[in-house]
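Asker: File follows, structure.txt with compact mmCIF, C-alpha atoms and all ligand atoms:
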# COMPACT_ATOMS: atom_id res chain seq x y z
CA MET H 1 23.14 34.85 -35.42
CA ARG H 2 22.84 34.64 -39.12
CA THR H 3 26.50 35.34 -39.76
CA THR H 4 27.57 32.95 -37.01
CA THR H 5 25.68 30.12 -38.64
CA LYS H 6 27.07 31.00 -42.02
CA ARG H 7 30.61 31.04 -40.65
CA LEU H 8 30.03 27.63 -39.16
CA LEU H 9 28.94 26.02 -42.40
CA PRO H 10 32.44 25.70 -43.92
CA LEU H 11 33.57 24.27 -40.58
CA PHE H 12 30.90 21.60 -40.80
CA ALA H 13 32.01 20.78 -44.31
CA ALA H 14 35.58 20.47 -43.10
CA THR H 15 34.44 18.24 -40.25
CA VAL H 16 32.62 15.95 -42.64
CA ALA H 17 35.67 15.78 -44.89
CA LEU H 18 37.91 14.98 -41.93
CA GLY H 19 35.39 12.40 -40.82
CA THR H 20 36.40 10.10 -43.65
CA LEU H 21 39.87 9.89 -42.11
CA GLY H 22 39.05 8.83 -38.58
CA ALA H 23 36.82 6.74 -36.35
CA SER H 24 35.42 9.76 -34.52
CA GLY H 25 34.23 11.08 -37.82
CA ALA H 26 32.37 7.84 -38.47
CA ALA H 27 30.64 8.18 -35.10
CA LEU H 28 29.56 11.70 -36.01
CA ALA H 29 28.19 10.53 -39.35
CA ASP H 30 26.17 7.87 -37.50
CA ASP H 31 24.17 10.58 -35.70
CA HIS H 32 20.67 9.30 -36.56
CA ASP H 33 19.52 12.76 -37.53
CA GLY H 34 22.42 13.86 -39.66
CA GLY H 35 22.20 16.78 -37.21
CA GLN H 36 25.32 18.48 -38.50
CA GLY H 37 23.57 19.13 -41.82
CA SER H 38 20.33 20.61 -40.55
CA THR H 39 19.24 24.24 -40.51
CA THR H 40 16.73 25.88 -38.20
CA LEU H 41 14.81 29.04 -38.98
CA GLU H 42 12.42 31.11 -36.96
CA ALA H 43 9.97 33.87 -37.83
CA HIS H 44 8.05 36.18 -35.55
CA LEU H 45 4.81 37.04 -37.29
CA SER H 46 3.20 40.39 -36.78
CA GLU H 47 -0.05 41.80 -38.06
CA LEU H 48 -0.79 43.23 -41.45
CA ASN H 49 -4.05 44.99 -42.29
CA ASP H 50 -4.70 45.73 -38.60
CA SER H 51 -5.80 42.11 -38.30
CA GLY H 52 -4.78 41.79 -34.65
CA ALA H 53 -3.05 38.50 -35.57
CA SER H 54 0.42 37.43 -34.51
CA GLY H 55 2.37 34.23 -34.31
CA THR H 56 5.63 32.35 -34.48
CA ALA H 57 6.90 29.89 -37.08
CA TRP H 58 9.79 27.48 -36.81
CA ILE H 59 11.34 25.44 -39.59
CA THR H 60 13.99 22.76 -39.47
CA LEU H 61 15.50 21.76 -42.77
CA ASP H 62 17.51 18.58 -43.33
CA GLY H 63 18.29 17.99 -46.96
CA ASN H 64 14.94 18.46 -48.68
CA GLU H 65 12.91 17.52 -45.62
CA VAL H 66 11.33 20.32 -43.62
CA THR H 67 9.42 20.27 -40.38
CA VAL H 68 7.31 23.39 -40.06
CA LYS H 69 5.53 24.53 -36.94
CA VAL H 70 3.23 27.56 -36.83
CA ASP H 71 1.45 28.93 -33.80
CA SER H 72 -0.83 31.91 -34.27
CA SER H 73 -3.37 33.89 -32.35
CA GLY H 74 -5.88 36.58 -33.22
CA MET H 75 -6.88 35.00 -36.53
CA LEU H 76 -10.55 35.12 -37.54
CA ALA H 77 -12.22 32.19 -35.76
CA GLU H 78 -14.03 29.45 -37.65
CA ALA H 79 -12.57 30.64 -40.95
CA PRO H 80 -9.86 28.89 -43.01
CA HIS H 81 -6.51 30.64 -43.20
CA ALA H 82 -4.21 29.97 -46.13
CA GLN H 83 -0.61 29.95 -44.95
CA HIS H 84 2.53 29.86 -47.03
CA ILE H 85 6.25 30.21 -47.20
CA HIS H 86 6.83 33.06 -49.61
CA ILE H 87 10.25 33.40 -51.22
CA GLY H 88 11.45 36.18 -53.52
CA GLY H 89 11.40 39.95 -53.65
CA THR H 90 13.57 41.25 -50.84
CA ASN H 91 12.50 38.29 -48.63
CA GLN H 92 11.07 40.76 -46.12
CA CYS H 93 7.61 41.45 -44.84
CA PRO H 94 6.04 44.66 -46.13
CA ASP H 95 5.70 47.79 -44.07
CA PRO H 96 2.34 47.24 -42.34
CA ASN H 97 1.49 50.86 -43.14
CA MET H 98 1.99 50.48 -46.89
CA GLU H 99 -0.93 51.61 -49.05
CA GLY H 100 -2.47 48.60 -50.78
CA THR H 101 -5.01 48.16 -53.57
CA GLY H 102 -7.69 46.67 -51.31
CA VAL H 103 -10.60 48.14 -49.39
CA ASP H 104 -9.56 51.48 -47.83
CA GLY H 105 -5.96 50.85 -48.86
CA ALA H 106 -5.82 47.32 -47.47
CA ILE H 107 -2.77 45.32 -48.49
CA ARG H 108 -3.77 42.54 -50.83
CA THR H 109 -1.46 39.55 -51.25
CA THR H 110 0.15 40.65 -54.51
CA ASP H 111 0.61 44.24 -53.29
CA ALA H 112 3.51 43.07 -51.16
CA ALA H 113 5.12 40.75 -53.73
CA ASP H 114 8.11 43.07 -54.03
CA SER H 115 8.76 42.42 -50.35
CA TYR H 116 7.99 38.75 -49.73
CA GLY H 117 7.89 37.37 -53.27
CA GLY H 118 5.44 34.67 -54.30
CA VAL H 119 4.04 31.51 -52.74
CA GLN H 120 6.68 28.77 -52.87
CA VAL H 121 5.29 26.39 -50.25
CA SER H 122 1.67 25.91 -49.21
CA LEU H 123 1.55 24.98 -45.54
CA THR H 124 -1.40 22.63 -45.91
CA LYS H 125 -2.43 20.13 -43.24
CA ASP H 126 -2.30 17.23 -45.71
CA GLY H 127 -1.73 16.49 -49.38
CA ASP H 128 0.17 18.68 -51.82
CA THR H 129 2.34 21.51 -50.47
CA SER H 130 3.28 23.13 -53.79
CA PRO H 131 2.14 26.60 -54.90
CA ASP H 132 -0.72 24.77 -56.68
CA SER H 133 -2.34 24.40 -53.26
CA ALA H 134 -1.98 28.08 -52.36
CA LEU H 135 -5.75 28.43 -51.99
CA ALA H 136 -6.72 24.88 -51.00
CA VAL H 137 -8.97 26.31 -48.30
CA ASP H 138 -10.21 22.94 -47.05
CA ARG H 139 -6.65 21.88 -46.18
CA PHE H 140 -5.57 24.92 -44.14
CA PRO H 141 -6.00 25.57 -40.42
CA VAL H 142 -9.28 27.07 -39.26
CA GLY H 143 -8.97 29.94 -36.80
CA ASP H 144 -5.72 30.16 -34.90
CA ALA H 145 -3.03 27.80 -36.15
CA ASN H 146 -1.48 25.05 -34.10
CA TYR H 147 0.25 23.53 -37.06
CA GLU H 148 3.04 21.06 -37.44
CA ARG H 149 3.97 19.00 -40.46
CA THR H 150 7.03 17.30 -41.95
CA PHE H 151 7.31 17.09 -45.74
CA GLU H 152 9.69 17.44 -48.70
CA VAL H 153 10.45 20.70 -50.49
CA SER H 154 12.08 21.32 -53.86
CA ASP H 155 15.82 21.82 -54.25
CA ASP H 156 15.24 25.54 -54.94
CA VAL H 157 13.19 26.01 -51.79
CA ALA H 158 15.71 24.06 -49.71
CA ALA H 159 18.56 26.21 -51.06
CA SER H 160 16.70 29.42 -50.22
CA LEU H 161 15.83 28.29 -46.70
CA GLU H 162 19.39 27.21 -46.09
CA LYS H 163 20.42 30.82 -46.78
CA GLY H 164 17.72 32.10 -44.44
CA ASP H 165 15.59 33.50 -47.28
CA GLY H 166 11.82 33.45 -47.00
CA SER H 167 8.81 34.68 -45.06
CA VAL H 168 5.84 32.96 -43.49
CA VAL H 169 2.54 34.62 -44.37
CA LEU H 170 -0.90 33.86 -42.91
CA HIS H 171 -3.94 34.99 -44.88
CA GLY H 172 -7.56 35.88 -44.21
CA VAL H 173 -8.66 39.19 -42.71
CA ASP H 174 -12.14 40.21 -41.59
CA HIS H 175 -11.76 43.89 -42.51
CA ASN H 176 -15.37 44.81 -41.71
CA GLY H 177 -15.44 42.81 -38.50
CA ASN H 178 -18.64 40.90 -39.22
CA GLY H 179 -17.16 37.50 -38.45
CA THR H 180 -16.98 36.11 -41.97
CA TYR H 181 -15.20 36.59 -45.28
CA ASP H 182 -17.31 38.81 -47.49
CA GLY H 183 -17.38 42.21 -49.20
CA ASP H 184 -17.39 43.48 -52.77
CA GLN H 185 -13.64 43.61 -53.20
CA GLU H 186 -12.47 40.58 -55.17
CA SER H 187 -9.40 38.62 -54.20
CA ASP H 188 -6.35 39.38 -56.31
CA LEU H 189 -5.52 35.65 -56.22
CA ASP H 190 -8.93 34.26 -57.14
CA PRO H 191 -11.73 36.61 -58.23
CA SER H 192 -14.32 34.08 -57.09
CA LEU H 193 -13.25 34.74 -53.48
CA PRO H 194 -13.71 37.93 -51.49
CA SER H 195 -10.45 39.74 -50.87
CA GLU H 196 -10.95 39.21 -47.14
CA ALA H 197 -10.36 35.48 -47.64
CA THR H 198 -6.88 35.97 -49.05
CA ASP H 199 -5.54 39.31 -47.78
CA PRO H 200 -2.45 38.84 -45.61
CA ALA H 201 -3.18 38.85 -41.87
CA ALA H 202 0.31 38.29 -40.48
CA CYS H 203 3.84 38.04 -41.80
CA GLY H 204 7.20 37.08 -40.35
CA THR H 205 10.58 37.11 -42.05
CA LEU H 206 12.51 33.87 -41.56
CA ASP H 207 15.90 34.11 -39.93
CA LEU H 208 18.48 31.42 -39.32
CA ALA H 209 18.16 30.46 -35.67
CA GLN H 210 20.14 28.51 -33.13
CA MET H 211 19.05 24.89 -32.96
CA GLU H 212 18.17 25.14 -29.27
CA GLN H 213 15.32 27.50 -30.15
CA TRP H 214 12.99 24.76 -31.41
CA PRO H 215 9.99 25.16 -29.09
CA GLU H 216 9.81 22.89 -26.09
CA GLY H 217 6.86 20.63 -25.53
CA GLY H 218 4.83 21.99 -28.41
CA ALA H 219 5.76 19.31 -30.89
CA GLU H 220 3.01 16.73 -31.27
CA THR H 221 5.62 14.18 -32.26
CA GLY H 222 7.35 14.87 -28.94
CA ASP H 223 10.86 14.63 -30.30
CA GLY H 224 11.44 18.23 -31.39
CA THR H 225 13.16 19.19 -28.16
CA THR H 226 15.32 16.08 -28.04
CA ALA H 227 16.39 16.61 -31.62
CA GLY H 228 17.49 20.13 -30.74
CA ILE H 229 19.64 18.91 -27.89
CA GLU H 230 21.14 16.12 -29.95
CA GLN H 231 21.93 18.56 -32.70
CA SER H 232 23.71 20.92 -30.37
CA GLY H 233 25.59 17.87 -29.08
CA ALA H 234 26.69 17.16 -32.61
CA LEU H 235 27.70 20.79 -32.91
CA LEU H 236 29.95 20.49 -29.87
CA ALA H 237 31.32 17.16 -31.04
CA GLY H 238 32.03 18.68 -34.44
CA GLY H 239 33.82 21.63 -32.85
CA GLY H 240 35.91 19.33 -30.67
CA LEU H 241 36.86 17.15 -33.57
CA LEU H 242 37.82 20.17 -35.60
CA THR H 243 40.04 21.52 -32.83
CA ALA H 244 41.70 18.13 -32.45
CA ALA H 245 42.14 17.91 -36.19
CA ALA H 246 43.69 21.35 -36.36
CA ALA H 247 46.15 20.43 -33.59
CA GLY H 248 47.01 17.16 -35.29
CA GLY H 249 46.93 18.58 -38.80
CA PHE H 250 50.38 17.38 -39.63
CA ALA H 251 49.65 13.82 -38.56
CA LEU H 252 46.46 13.77 -40.61
CA ARG H 253 48.23 15.02 -43.66
CA ARG H 254 50.88 12.35 -43.30
CA ARG H 255 48.28 9.64 -43.00
CA GLN H 256 46.57 10.93 -46.09
CA THR H 257 49.83 10.94 -48.08
CA GLN H 258 50.52 7.36 -47.13
CA LYS H 259 47.24 6.16 -48.67
CU CU G 1 0.80 33.53 -48.79
Let me see the file written as structure tokens.
Ligand SMILES: [Cu+2]

Answerer:
Amino acid sequence: MRTTTKRLLPLFAATVALGTLGASGAALADDHDGGQGSTTLEAHLSELNDSGASGTAWITLDGNEVTVKVDSSGMLAEAPHAQHIHIGGTNQCPDPNMEGTGVDGAIRTTDAADSYGGVQVSLTKDGDTSPDSALAVDRFPVGDANYERTFEVSDDVAASLEKGDGSVVLHGVDHNGNGTYDGDQESDLDPSLPSEATDPAACGTLDLAQMEQWPEGGAETGDGTTAGIEQSGALLAGGGLLTAAAAGGFALRRRQTQK
């Protein structure tokens, strides 16, 4: 899937370039979404620290604009859960069996930095989404996430996501099972917090996905599904145009020379 999408990218570029030569190209460029330029990623989140949590995350990227959706289950109820896009390291989730520096070998957030890198995007419900908000506990989902938000990311983050680099990490683990964040172990991110509040509960490595995989019906805005279909329409249109252009390559070249 990943390689297919990568192979398609130069084709899209060629389509856009050809678009300047013909009316059908102009129609493609009018696509309200700019669908031919968007990227979709998906991550299946599985538990770390025996948290019992799991989930799925979807991201669409169009220029610097991202729409992120996260669904999770098994997270500690009535407790805030920091959630981030981590980028760096090997852009992979750690082995869930790795020995960490936390309680009884629990994996603390920085223990797995070689795998998933650092916080690059804070998936807050409102306000700032930079790493500065990594622990903005009052702006993260409480309990299981049913999260969706559209916002801008930096050029660096956009470039990484476009390559399929990054992981989605959900934090907050009730190691001792008493229903709240506590314990003597300090958080490696903020010593004023117990480690339980910030230890990673679930992680999923982002992969480039087919546009049709944006979840149906889950989007609160209601247009996620439609956008997916329109984008695949643009994909087909782009492919058709490209084939036509390849067949008529000589004619196009002539027209270009005459300009
Ligand atoms: Cu994180």

Asker: Counting all atoms listed in the file, which protein, DNA or RNA residues come within 12 Å of ligand CU 1 (chain G), given as a count of residues only?

Answerer: 49

Asker: What is the distance between atom CA of H:Arg149 and atom CA of H:Lys125, in Å to one decimal?

Answerer: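 A separation of 7.1 Å between them.
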
Asker: Would you work out the distance separating atom CA of H:Met75 from atom CA of H:Asn176, expressed in Å to one decimal?

Answerer: 14.0 Å

Asker: So how many Å separate atom CA of H:Ala106 and atom CA of H:Val157, to one decimal?

Answerer: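 Separation between atom CA of H:Ala106 and atom CA of H:Val157: 28.9 Å.
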
Asker: Considering all atoms listed in the file, can you say which of H:Thr129, H:Ser154, H:Gln210, H:Asn146 comes closest to H:Asn64?

Answerer: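 Residue with the minimum atom-to-atom distance to H:Asn64: H:Ser154.
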
Asker: If we count only C-alpha atoms, what is near stretch 42-49 of chain H at a cut-off of 7 Å, once residues fewer than 2 positions away on the same chain are taken out, given as a tab-separated table (two decimals) with C-alpha atoms, in the frame of the given file?

Answerer:
chain	number	residue	atom	x	y	z
H	40	THR	CA	16.73	25.88	-38.20
H	51	SER	CA	-5.80	42.11	-38.30
H	52	GLY	CA	-4.78	41.79	-34.65
H	53	ALA	CA	-3.05	38.50	-35.57
H	54	SER	CA	0.42	37.43	-34.51
H	55	GLY	CA	2.37	34.23	-34.31
H	56	THR	CA	5.63	32.35	-34.48
H	57	ALA	CA	6.90	29.89	-37.08
H	58	TRP	CA	9.79	27.48	-36.81
H	59	ILE	CA	11.34	25.44	-39.59
H	96	PRO	CA	2.34	47.24	-42.34
H	106	ALA	CA	-5.82	47.32	-47.47
H	107	ILE	CA	-2.77	45.32	-48.49
H	200	PRO	CA	-2.45	38.84	-45.61
H	201	ALA	CA	-3.18	38.85	-41.87
H	202	ALA	CA	0.31	38.29	-40.48
H	203	CYS	CA	3.84	38.04	-41.80
H	204	GLY	CA	7.20	37.08	-40.35
H	205	THR	CA	10.58	37.11	-42.05
H	206	LEU	CA	12.51	33.87	-41.56
H	207	ASP	CA	15.90	34.11	-39.93
H	208	LEU	CA	18.48	31.42	-39.32
H	209	ALA	CA	18.16	30.46	-35.67

Asker: Of the residues H:Asp50, H:Ala159, H:Arg139, H:Val153, which is the one nearest to H:Val66, using all atoms listed in the file?

Answerer: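 Looking at the shortest contact to H:Val66, the residue is H:Val153.
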